[in-house]
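Visitor: Provided herewith: protein_6.cif, mmCIF, N, CA and C atoms.
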data_start
loop_
_atom_site.label_atom_id
_atom_site.label_comp_id
_atom_site.auth_asym_id
_atom_site.auth_seq_id
_atom_site.Cartn_x
_atom_site.Cartn_y
_atom_site.Cartn_z
N GLN A 27 145.29 -50.97 311.73
CA GLN A 27 146.01 -49.92 312.44
C GLN A 27 146.71 -49.01 311.43
N VAL A 28 146.70 -47.72 311.72
CA VAL A 28 147.33 -46.73 310.85
C VAL A 28 148.64 -46.29 311.46
N GLN A 29 149.66 -46.23 310.64
CA GLN A 29 150.95 -45.70 311.06
C GLN A 29 151.22 -44.41 310.31
N LEU A 30 151.68 -43.40 311.04
CA LEU A 30 151.96 -42.10 310.46
C LEU A 30 153.41 -41.72 310.71
N VAL A 31 154.07 -41.24 309.67
CA VAL A 31 155.48 -40.84 309.80
C VAL A 31 155.64 -39.44 309.23
N GLU A 32 156.11 -38.52 310.08
CA GLU A 32 156.34 -37.15 309.64
C GLU A 32 157.79 -36.97 309.20
N SER A 33 157.99 -36.04 308.29
CA SER A 33 159.34 -35.67 307.87
C SER A 33 159.31 -34.25 307.33
N GLY A 34 160.50 -33.68 307.16
CA GLY A 34 160.59 -32.36 306.54
C GLY A 34 160.92 -31.22 307.49
N GLY A 35 160.99 -31.51 308.78
CA GLY A 35 161.33 -30.45 309.72
C GLY A 35 162.78 -30.02 309.58
N GLY A 36 163.13 -28.96 310.28
CA GLY A 36 164.51 -28.48 310.24
C GLY A 36 164.64 -27.11 310.84
N LEU A 37 165.80 -26.52 310.61
CA LEU A 37 166.11 -25.18 311.10
C LEU A 37 166.04 -24.20 309.93
N VAL A 38 165.31 -23.13 310.11
CA VAL A 38 165.15 -22.15 309.05
C VAL A 38 165.11 -20.75 309.66
N GLN A 39 165.53 -19.77 308.91
CA GLN A 39 165.47 -18.39 309.39
C GLN A 39 164.06 -17.85 309.24
N ALA A 40 163.74 -16.87 310.05
CA ALA A 40 162.44 -16.22 309.95
C ALA A 40 162.22 -15.72 308.52
N GLY A 41 161.01 -15.94 308.03
CA GLY A 41 160.67 -15.59 306.65
C GLY A 41 160.88 -16.72 305.67
N GLY A 42 161.52 -17.79 306.11
CA GLY A 42 161.78 -18.92 305.25
C GLY A 42 160.61 -19.87 305.15
N SER A 43 160.83 -20.97 304.43
CA SER A 43 159.77 -21.94 304.18
C SER A 43 160.24 -23.36 304.46
N LEU A 44 159.31 -24.20 304.81
CA LEU A 44 159.52 -25.64 304.95
C LEU A 44 158.27 -26.35 304.48
N ARG A 45 158.43 -27.59 304.03
CA ARG A 45 157.27 -28.41 303.71
C ARG A 45 157.37 -29.71 304.51
N LEU A 46 156.36 -29.93 305.32
CA LEU A 46 156.28 -31.15 306.10
C LEU A 46 155.47 -32.20 305.34
N THR A 47 155.86 -33.45 305.52
CA THR A 47 155.17 -34.56 304.89
C THR A 47 154.73 -35.55 305.96
N CYS A 48 153.52 -36.06 305.83
CA CYS A 48 153.00 -37.10 306.71
C CYS A 48 152.60 -38.28 305.84
N ALA A 49 153.35 -39.36 305.93
CA ALA A 49 153.07 -40.55 305.16
C ALA A 49 152.27 -41.53 306.00
N ALA A 50 151.13 -41.96 305.48
CA ALA A 50 150.25 -42.87 306.21
C ALA A 50 150.26 -44.25 305.59
N SER A 51 150.26 -45.26 306.42
CA SER A 51 150.16 -46.64 305.96
C SER A 51 149.15 -47.37 306.84
N GLY A 52 148.64 -48.48 306.34
CA GLY A 52 147.65 -49.23 307.08
C GLY A 52 146.25 -48.88 306.65
N ARG A 53 145.30 -49.07 307.52
CA ARG A 53 143.88 -48.90 307.20
C ARG A 53 143.46 -47.43 307.24
N THR A 54 144.04 -46.65 306.34
CA THR A 54 143.74 -45.22 306.35
C THR A 54 142.31 -44.91 305.95
N PHE A 55 141.63 -45.83 305.26
CA PHE A 55 140.28 -45.55 304.80
C PHE A 55 139.31 -45.42 305.96
N ARG A 56 139.71 -45.87 307.14
CA ARG A 56 138.81 -45.78 308.30
C ARG A 56 138.78 -44.36 308.88
N SER A 57 139.76 -43.53 308.56
CA SER A 57 139.78 -42.18 309.09
C SER A 57 139.09 -41.23 308.12
N ASP A 58 138.51 -40.14 308.63
CA ASP A 58 137.82 -39.21 307.75
C ASP A 58 138.60 -37.93 307.51
N ALA A 59 139.69 -37.73 308.23
CA ALA A 59 140.49 -36.53 308.05
C ALA A 59 141.90 -36.76 308.59
N MET A 60 142.79 -35.90 308.17
CA MET A 60 144.16 -35.90 308.67
C MET A 60 144.48 -34.50 309.15
N GLY A 61 145.30 -34.41 310.17
CA GLY A 61 145.59 -33.09 310.71
C GLY A 61 147.03 -32.92 311.15
N TRP A 62 147.42 -31.66 311.24
CA TRP A 62 148.73 -31.28 311.76
C TRP A 62 148.53 -30.58 313.10
N PHE A 63 149.36 -30.95 314.05
CA PHE A 63 149.36 -30.35 315.37
C PHE A 63 150.79 -29.94 315.70
N ARG A 64 150.95 -29.05 316.65
CA ARG A 64 152.30 -28.69 317.09
C ARG A 64 152.30 -28.46 318.59
N GLN A 65 153.47 -28.67 319.16
CA GLN A 65 153.63 -28.44 320.59
C GLN A 65 154.99 -27.81 320.84
N ALA A 66 154.96 -26.64 321.40
CA ALA A 66 156.18 -25.93 321.78
C ALA A 66 156.48 -26.22 323.25
N PRO A 67 157.74 -26.08 323.67
CA PRO A 67 158.10 -26.36 325.07
C PRO A 67 157.26 -25.54 326.03
N GLY A 68 156.68 -26.21 327.00
CA GLY A 68 155.90 -25.53 328.02
C GLY A 68 154.51 -25.12 327.59
N LYS A 69 154.12 -25.49 326.38
CA LYS A 69 152.80 -25.11 325.88
C LYS A 69 151.98 -26.35 325.55
N GLU A 70 150.67 -26.15 325.48
CA GLU A 70 149.78 -27.25 325.12
C GLU A 70 149.86 -27.53 323.62
N ARG A 71 149.48 -28.74 323.29
CA ARG A 71 149.44 -29.09 321.87
C ARG A 71 148.35 -28.27 321.17
N GLU A 72 148.68 -27.80 319.98
CA GLU A 72 147.79 -26.92 319.22
C GLU A 72 147.43 -27.55 317.89
N HIS A 73 146.16 -27.48 317.54
CA HIS A 73 145.70 -27.96 316.24
C HIS A 73 146.00 -26.89 315.21
N VAL A 74 146.88 -27.18 314.28
CA VAL A 74 147.35 -26.19 313.31
C VAL A 74 146.51 -26.18 312.04
N ALA A 75 146.29 -27.35 311.47
CA ALA A 75 145.58 -27.44 310.20
C ALA A 75 145.08 -28.86 310.01
N SER A 76 144.06 -29.01 309.19
CA SER A 76 143.58 -30.35 308.87
C SER A 76 142.83 -30.34 307.55
N VAL A 77 142.68 -31.52 306.98
CA VAL A 77 142.01 -31.67 305.69
C VAL A 77 141.28 -32.99 305.69
N ILE A 78 140.07 -33.00 305.12
CA ILE A 78 139.34 -34.26 305.04
C ILE A 78 139.82 -35.05 303.82
N TRP A 79 139.67 -36.37 303.89
CA TRP A 79 140.11 -37.21 302.78
C TRP A 79 139.21 -36.98 301.55
N ALA A 80 137.94 -36.84 301.76
CA ALA A 80 137.01 -36.63 300.65
C ALA A 80 136.58 -35.17 300.64
N GLY A 81 136.58 -34.57 299.47
CA GLY A 81 136.17 -33.18 299.38
C GLY A 81 137.33 -32.23 299.57
N THR A 82 137.02 -30.98 299.88
CA THR A 82 138.05 -29.96 299.92
C THR A 82 138.10 -29.17 301.23
N HIS A 83 137.29 -29.56 302.20
CA HIS A 83 137.23 -28.77 303.43
C HIS A 83 138.57 -28.81 304.16
N LYS A 84 139.05 -27.63 304.56
CA LYS A 84 140.29 -27.50 305.29
C LYS A 84 140.09 -26.58 306.50
N TYR A 85 140.89 -26.82 307.50
CA TYR A 85 140.87 -26.00 308.71
C TYR A 85 142.27 -25.45 308.95
N TYR A 86 142.33 -24.18 309.40
CA TYR A 86 143.58 -23.57 309.82
C TYR A 86 143.35 -22.79 311.10
N THR A 87 144.28 -22.88 312.01
CA THR A 87 144.21 -22.01 313.16
C THR A 87 144.56 -20.59 312.71
N ASP A 88 144.03 -19.59 313.41
CA ASP A 88 144.16 -18.21 312.96
C ASP A 88 145.60 -17.77 312.74
N SER A 89 146.50 -18.21 313.58
CA SER A 89 147.88 -17.71 313.51
C SER A 89 148.64 -18.15 312.27
N VAL A 90 148.12 -19.14 311.54
CA VAL A 90 148.84 -19.62 310.36
C VAL A 90 148.10 -19.34 309.06
N LYS A 91 146.90 -18.78 309.16
CA LYS A 91 146.13 -18.50 307.95
C LYS A 91 146.90 -17.54 307.04
N GLY A 92 146.93 -17.88 305.76
CA GLY A 92 147.65 -17.06 304.79
C GLY A 92 149.12 -17.42 304.68
N ARG A 93 149.63 -18.23 305.60
CA ARG A 93 151.05 -18.62 305.56
C ARG A 93 151.22 -20.12 305.34
N PHE A 94 150.36 -20.91 305.90
CA PHE A 94 150.44 -22.37 305.80
C PHE A 94 149.37 -22.90 304.85
N THR A 95 149.70 -23.97 304.15
CA THR A 95 148.73 -24.64 303.28
C THR A 95 148.80 -26.13 303.50
N VAL A 96 147.67 -26.72 303.85
CA VAL A 96 147.59 -28.17 304.03
C VAL A 96 147.00 -28.79 302.77
N SER A 97 147.55 -29.93 302.39
CA SER A 97 147.05 -30.63 301.21
C SER A 97 147.25 -32.12 301.41
N ARG A 98 146.57 -32.91 300.57
CA ARG A 98 146.75 -34.35 300.67
C ARG A 98 146.74 -34.97 299.29
N ASP A 99 147.41 -36.09 299.19
CA ASP A 99 147.45 -36.88 297.96
C ASP A 99 146.85 -38.23 298.32
N ASN A 100 145.58 -38.42 297.98
CA ASN A 100 144.89 -39.64 298.38
C ASN A 100 145.54 -40.88 297.80
N ALA A 101 146.04 -40.77 296.58
CA ALA A 101 146.65 -41.93 295.93
C ALA A 101 147.90 -42.39 296.67
N LYS A 102 148.59 -41.44 297.29
CA LYS A 102 149.82 -41.77 298.01
C LYS A 102 149.60 -41.87 299.52
N ASN A 103 148.35 -41.65 299.97
CA ASN A 103 148.08 -41.64 301.42
C ASN A 103 149.03 -40.71 302.15
N THR A 104 149.21 -39.54 301.60
CA THR A 104 150.17 -38.59 302.14
C THR A 104 149.53 -37.23 302.32
N MET A 105 149.91 -36.56 303.40
CA MET A 105 149.45 -35.21 303.67
C MET A 105 150.67 -34.30 303.78
N TYR A 106 150.49 -33.06 303.35
CA TYR A 106 151.58 -32.11 303.37
C TYR A 106 151.18 -30.86 304.15
N LEU A 107 152.18 -30.16 304.63
CA LEU A 107 151.97 -28.85 305.21
C LEU A 107 153.05 -27.92 304.68
N GLN A 108 152.66 -27.06 303.75
CA GLN A 108 153.58 -26.06 303.22
C GLN A 108 153.55 -24.86 304.15
N MET A 109 154.70 -24.52 304.69
CA MET A 109 154.79 -23.42 305.65
C MET A 109 155.67 -22.32 305.08
N ASN A 110 155.07 -21.18 304.83
CA ASN A 110 155.79 -20.03 304.29
C ASN A 110 155.83 -18.91 305.31
N ASN A 111 156.76 -17.98 305.10
CA ASN A 111 156.90 -16.83 305.99
C ASN A 111 156.92 -17.27 307.45
N LEU A 112 157.77 -18.22 307.74
CA LEU A 112 157.84 -18.77 309.09
C LEU A 112 158.31 -17.73 310.09
N LYS A 113 157.77 -17.84 311.29
CA LYS A 113 158.09 -16.94 312.38
C LYS A 113 158.68 -17.72 313.54
N PRO A 114 159.47 -17.05 314.40
CA PRO A 114 160.03 -17.77 315.56
C PRO A 114 158.96 -18.46 316.40
N GLU A 115 157.78 -17.88 316.48
CA GLU A 115 156.72 -18.49 317.28
C GLU A 115 156.14 -19.75 316.64
N ASP A 116 156.56 -20.08 315.42
CA ASP A 116 156.16 -21.35 314.81
C ASP A 116 157.04 -22.50 315.27
N THR A 117 158.10 -22.19 316.01
CA THR A 117 159.00 -23.22 316.51
C THR A 117 158.25 -24.19 317.40
N ALA A 118 158.33 -25.48 317.07
CA ALA A 118 157.62 -26.52 317.83
C ALA A 118 157.93 -27.88 317.22
N VAL A 119 157.50 -28.91 317.90
CA VAL A 119 157.47 -30.24 317.30
C VAL A 119 156.11 -30.38 316.62
N TYR A 120 156.15 -30.75 315.36
CA TYR A 120 154.93 -30.89 314.57
C TYR A 120 154.58 -32.37 314.44
N TYR A 121 153.32 -32.67 314.69
CA TYR A 121 152.81 -34.03 314.63
C TYR A 121 151.67 -34.12 313.64
N CYS A 122 151.51 -35.27 313.02
CA CYS A 122 150.29 -35.50 312.25
C CYS A 122 149.47 -36.59 312.94
N ALA A 123 148.19 -36.57 312.67
CA ALA A 123 147.27 -37.51 313.29
C ALA A 123 146.10 -37.76 312.36
N ALA A 124 145.40 -38.86 312.61
CA ALA A 124 144.22 -39.22 311.84
C ALA A 124 142.98 -39.02 312.70
N ARG A 125 141.90 -38.61 312.08
CA ARG A 125 140.67 -38.36 312.82
C ARG A 125 139.63 -39.45 312.54
N TYR A 126 139.02 -39.92 313.60
CA TYR A 126 137.94 -40.91 313.52
C TYR A 126 136.74 -40.30 314.23
N GLY A 127 135.83 -39.75 313.44
CA GLY A 127 134.70 -39.07 314.05
C GLY A 127 135.19 -37.79 314.73
N LYS A 128 135.15 -37.77 316.06
CA LYS A 128 135.60 -36.60 316.80
C LYS A 128 136.93 -36.83 317.52
N THR A 129 137.54 -37.96 317.29
CA THR A 129 138.75 -38.34 318.02
C THR A 129 139.97 -38.37 317.11
N TRP A 130 141.04 -37.75 317.56
CA TRP A 130 142.31 -37.80 316.84
C TRP A 130 143.19 -38.89 317.44
N GLY A 131 143.85 -39.65 316.54
CA GLY A 131 144.69 -40.73 317.03
C GLY A 131 145.79 -41.06 316.05
N ASN A 132 146.47 -42.17 316.31
CA ASN A 132 147.56 -42.67 315.48
C ASN A 132 148.66 -41.61 315.31
N TRP A 133 149.03 -40.97 316.38
CA TRP A 133 150.00 -39.89 316.34
C TRP A 133 151.34 -40.37 315.81
N GLY A 134 151.96 -39.53 314.96
CA GLY A 134 153.30 -39.82 314.50
C GLY A 134 154.32 -39.47 315.56
N GLN A 135 155.59 -39.65 315.24
CA GLN A 135 156.66 -39.41 316.21
C GLN A 135 157.03 -37.94 316.30
N GLY A 136 156.59 -37.16 315.33
CA GLY A 136 156.86 -35.73 315.35
C GLY A 136 158.12 -35.35 314.59
N THR A 137 158.14 -34.11 314.12
CA THR A 137 159.32 -33.57 313.45
C THR A 137 159.55 -32.15 313.98
N GLN A 138 160.78 -31.84 314.30
CA GLN A 138 161.11 -30.56 314.92
C GLN A 138 161.23 -29.47 313.87
N VAL A 139 160.56 -28.37 314.12
CA VAL A 139 160.69 -27.16 313.29
C VAL A 139 161.23 -26.05 314.19
N THR A 140 162.36 -25.49 313.79
CA THR A 140 162.97 -24.40 314.55
C THR A 140 163.16 -23.21 313.63
N VAL A 141 162.61 -22.08 314.05
CA VAL A 141 162.71 -20.86 313.25
C VAL A 141 163.54 -19.85 314.04
N SER A 142 164.65 -19.45 313.47
CA SER A 142 165.52 -18.50 314.14
C SER A 142 165.19 -17.07 313.71
N SER A 143 165.38 -16.16 314.62
CA SER A 143 165.05 -14.76 314.34
C SER A 143 166.25 -14.01 313.74
#
Just give me the structure of the file as structure tokens.
Guide:
Amino acid sequence: QVQLVESGGGLVQAGGSLRLTCAASGRTFRSDAMGWFRQAPGKEREHVASVIWAGTHKYYTDSVKGRFTVSRDNAKNTMYLQMNNLKPEDTAVYYCAARYGKTWGNWGQGTQVTVSS
């Protein structure tokens, strides 16, 4: 079983930056990718970014391209999300998850990101 713990959220002004961390423990070798998702109040969960464990392929949703960067440190079983030029619409609870084939699972508890205008 894989356990995921997010950290790094907080309150920041528009235009500011935050770096989220997702620390994974357990049988992480069974997953083929890690991803960041977010959910704002009253909205559906959104897939923000993801990265595969092997290789360099990364995914970003259109609204964060050029502002967010996802990366991973395989030796530390850790994934990061560097968020720059944050906007109020980025306000949400951010979650990390592991992907097994086409299924995302092992959701973390989430970390709150609030961007003030």
Visitor: Any idea what's packed within 8 Å of range 91-98 of chain A, counting only C-alpha atoms, ignoring anything in its chain fewer than 5 positions away? Could you give it as a list in words?
Guide: Ala75, Ser76, Val77, Trp79, Lys84, Tyr86, Asn103, Thr104, Met105, Tyr106, Leu107, Gln108, Met109, Asn110, Asn111 and Leu112 of chain A
Visitor: Write out as a list in words each polymer residue whose atoms come within 7 Å of Asn132 in chain A, counting only N, CA and C atoms; drop sequence neighbours fewer than 4 positions from it.
Guide: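 Final neighbour list, sorted by chain and number: Val28, Gln29, Leu30, Cys122, Ala123 and Ala124 of chain A.
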Visitor: Excluding Val141 in chain A and residues on its chain fewer than 5 positions from it, collect all residues at most 8 Å away from it, counting only C-alpha atoms, and give them as an mmCIF file with N, CA and C atoms, keeping the file's coordinate frame.
Guide:
data_model
loop_
_atom_site.group_PDB
_atom_site.id
_atom_site.type_symbol
_atom_site.label_atom_id
_atom_site.label_comp_id
_atom_site.auth_asym_id
_atom_site.auth_seq_id
_atom_site.Cartn_x
_atom_site.Cartn_y
_atom_site.Cartn_z
ATOM 1 N N LEU A 37 165.800 -26.520 310.610
ATOM 2 C CA LEU A 37 166.110 -25.180 311.100
ATOM 3 C C LEU A 37 166.040 -24.200 309.930
ATOM 4 N N VAL A 38 165.310 -23.130 310.110
ATOM 5 C CA VAL A 38 165.150 -22.150 309.050
ATOM 6 C C VAL A 38 165.110 -20.750 309.660
ATOM 7 N N GLN A 39 165.530 -19.770 308.910
ATOM 8 C CA GLN A 39 165.470 -18.390 309.390
ATOM 9 C C GLN A 39 164.060 -17.850 309.240
ATOM 10 N N ALA A 40 163.740 -16.870 310.050
ATOM 11 C CA ALA A 40 162.440 -16.220 309.950
ATOM 12 C C ALA A 40 162.220 -15.720 308.520
ATOM 13 N N LEU A 112 157.770 -18.220 307.740
ATOM 14 C CA LEU A 112 157.840 -18.770 309.090
ATOM 15 C C LEU A 112 158.310 -17.730 310.090
ATOM 16 N N LYS A 113 157.770 -17.840 311.290
ATOM 17 C CA LYS A 113 158.090 -16.940 312.380
ATOM 18 C C LYS A 113 158.680 -17.720 313.540
ATOM 19 N N PRO A 114 159.470 -17.050 314.400
ATOM 20 C CA PRO A 114 160.030 -17.770 315.560
ATOM 21 C C PRO A 114 158.960 -18.460 316.400
ATOM 22 N N GLU A 115 157.780 -17.880 316.480
ATOM 23 C CA GLU A 115 156.720 -18.490 317.280
ATOM 24 C C GLU A 115 156.140 -19.750 316.640
ATOM 25 N N ASP A 116 156.560 -20.080 315.420
ATOM 26 C CA ASP A 116 156.160 -21.350 314.810
ATOM 27 C C ASP A 116 157.040 -22.500 315.270
ATOM 28 N N THR A 117 158.100 -22.190 316.010
ATOM 29 C CA THR A 117 159.000 -23.220 316.510
ATOM 30 C C THR A 117 158.250 -24.190 317.400
#
Visitor: Spell out the residues picked by the PyMOL selection byres ((chain A and resi 119) around 7) here, as a PyMOL selection string.
Guide: chain A and resi 63-67+116-118+120-121+136-139
Visitor: So how far away is CA of Ser143 in chain A from CA of Cys48 in chain A, in Å?
Guide: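 Atom-to-atom, CA of Cys48 in chain A to CA of Ser143 in chain A, that is 26.5 Å.
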Visitor: Nearest to Ser51 in chain A: which of A:Thr82, A:Ser142, A:Ser89, A:Asn100 is it, counting only C-alpha atoms?
Guide: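 Looking only at the distances to Ser51 in chain A, the closest residue turns out to be A:Asn100.
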Visitor: Using DSSP secondary structure from the backbone, list all helix (DSSP H, G or I) positions within chain A, as a list in words.
Guide: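 Helix (DSSP H, G or I) members of chain A, listed: Thr54, Phe55, Arg56, Asp88, Ser89, Val90, Asn100, Ala101, Lys102, Pro114, Glu115 and Asp116 of chain A.
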Visitor: One number please: CA of Gly36 in chain A to CA of Asp58 in chain A, in Å, one decimal.
Guide: 28.9 Å
Visitor: Using DSSP on the backbone coordinates, identify the residues of range 48-112 of chain A assigned to strand (DSSP E or B); present them as a PyMOL selection string.
Guide: chain A and resi 48-52+59-65+72-78+84-86+94-99+104-109
Visitor: Let me make sure I understand: among A:Val74, A:Trp62, A:Gly34, A:Lys102, which one has the smallest atom-to-atom distance to Val90 in chain A if we use only C-alpha atoms?
Guide: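 Ranked by minimum distance to Val90 in chain A, first place goes to A:Val74.
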Visitor: What gap, in Å, lies between atom N of Gly52 in chain A and atom N of Arg71 in chain A?
Guide: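 Distance reported for this atom pair: 26.0 Å.
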Visitor: Give me the residues near Arg125 in chain A as number ranges by chain, where near means some atom within 5 Å (using all atoms listed in the file) and where sequence neighbours in that chain fewer than 2 positions away do not count.
Guide: A: 57-60, 123, 127, 129-131
Visitor: If you take every atom of range 53-72 of chain A that the file lists and fit an axis-aligned box around them with 5 Å extra on each side, what centre and edge lengths come out in Å to one decimal, as AutoDock Vina command-line options?
Guide:
--center_x 148.0 --center_y -37.1 --center_z 316.4 --size_x 30.3 --size_y 34.0 --size_z 33.2
Visitor: Around the point (160.2, -39.0, 314.1) in the file's coordinates, collect all residues with an atom within 8 Å, using only C-alpha atoms, and return them as a count of residues only.
Guide: 7
